[in-house]
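Worksheet for the structure shown next.
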Amino acid sequence: MRDAVMFISDIHANYHVIDAQVDHAEAELGIPVTEVLVLGDFGFFNDDLHAFFRRKKRRFRRPVSFIEGNHEDHGAMEALVASYADVITHLPRGTVHDTGPWRCLCLGGARYMDAWSTPRGCEITEADVADCLVHAPDAVDLVITHDCPVGIGVPNTPGLEHYGQPGVPALNRIAEHFRPQLWIFGHHHRWHEATRDGTHYLGLPQSWVGYALMDRTGEIRSVRHEVPVQTSSRWRRWFGLR
């Protein structure tokens, strides 16, 4: 594998993890990273963003783009995206992002589950799905989402079984329309692989557990690598924010 795109998910405001995983790919594996795509839960909260990018004046070593997850400040998302456009690029729902030779359909958001910690702005809507289906089936090579389609075998999180199968039913229509070779997602905080109807699905864990690399030939590599993160308060750990 030569140079590659890094896919990583669920940063939860541990922004330093991105450069740490890039360093691991380049120094330990010898694979140059051309860009980083964050599959949601970057941690778009003003206090965290300001502390890291303004007060500490930190910048990422490689271009970083993201789709939104459920644990973001959706009420202020538009303003925050504009304010921090110098350090990270937002990939809106239903848009196609060119990464190397690959055309990547982007869809942030999630199924509305943990209502007491997740704003309604995160929900994937029928309009979002319609925006995706506007694209011709042959206009997309791979799909990146925060949540996943229903029925690809992602197990329930203990205690949330009453919500039914994990995933978003409407995403199955996107899978049927495009039949992409590859679909990468986060949200569920675990590695997961499955193949259905010719599409290979790859679920990523939290960013500090590992990442995936894809080169220009389409070779995909899952990399397990632990990065230390600071333990936060109990309520943030409960919601997956560490």
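Starting from 1 in every chain, residues are counted up; chains themselves are A, B, ... following the order of the structure tokens, and ligands are numbered from 1 as listed.
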
Checklist entry - Near Cys148 in chain A, within 7 Å and counting only C-alpha atoms, which residues show up once chain neighbours fewer than 3 positions away are dropped, as JSON, numbers by chain? => result {"A": [145, 167, 168, 171, 185]}

Next on the checklist: Set the distance at 12 Å and use only C-alpha atoms: which residues neighbour range 73-75 of chain A once local chain neighbours fewer than 6 positions away are removed? I'd like the list as a PyMOL selection string.
Outcome noted: chain A and resi 12-13+41-49+81+108-109+117-123

Write out the residues from the selection above, keeping C-alpha atoms, as a tab-separated table (two decimals), in the first residue's frame.
chain	number	residue	atom	x	y	z
A	12	HIS	CA	-15.46	13.08	20.53
A	13	ALA	CA	-13.32	16.24	20.82
A	41	ASP	CA	-18.84	12.66	16.14
A	42	PHE	CA	-15.88	14.91	15.53
A	43	GLY	CA	-16.94	16.90	18.57
A	44	PHE	CA	-18.23	20.15	17.13
A	45	PHE	CA	-18.67	22.05	20.39
A	46	ASN	CA	-17.53	25.65	20.62
A	47	ASP	CA	-15.63	25.41	23.92
A	48	ASP	CA	-13.60	22.39	22.76
A	49	LEU	CA	-12.94	23.82	19.31
A	81	VAL	CA	-18.50	25.11	10.41
A	108	GLY	CA	-23.89	12.54	8.28
A	109	GLY	CA	-26.44	12.08	11.03
A	117	SER	CA	-28.17	13.26	25.00
A	118	THR	CA	-28.68	13.68	21.26
A	119	PRO	CA	-30.19	16.75	19.55
A	120	ARG	CA	-32.93	16.19	16.99
A	121	GLY	CA	-30.87	17.99	14.37
A	122	CYS	CA	-28.77	14.87	14.04
A	123	GLU	CA	-31.59	12.77	12.58

Next on the checklist: From the options A:Gly218, A:Pro92, A:Pro228, A:Pro180, which residue's atoms come nearest to Gln206 in chain A, counting only C-alpha atoms?
Outcome noted: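 Of A:Gly218, A:Pro92, A:Pro228, A:Pro180, the one nearest Gln206 in chain A, counting only C-alpha atoms, is A:Pro228.
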
Item to check | Residue list (strand (DSSP E or B), DSSP) for range 15-240 of chain A, as a ChimeraX atom specification | outcome: /A:33-39,64-67,89-90,95-99,102-107,110,123,142-145,149,168,182-185,192-196,199-203,210-215,220-224

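For the pair CA of His24 in chain A and CA of His225 in chain A, the separation is 8.0 Å.
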
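Interatomic distance, CA of Arg54 in chain A against CA of Glu35 in chain A: 22.0 Å.
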
Checklist entry - Which is closer to Asp197 in chain A than all the others in A:Val33, A:Val129, A:Ile152, A:Leu39, using only C-alpha atoms? => result A:Ile152
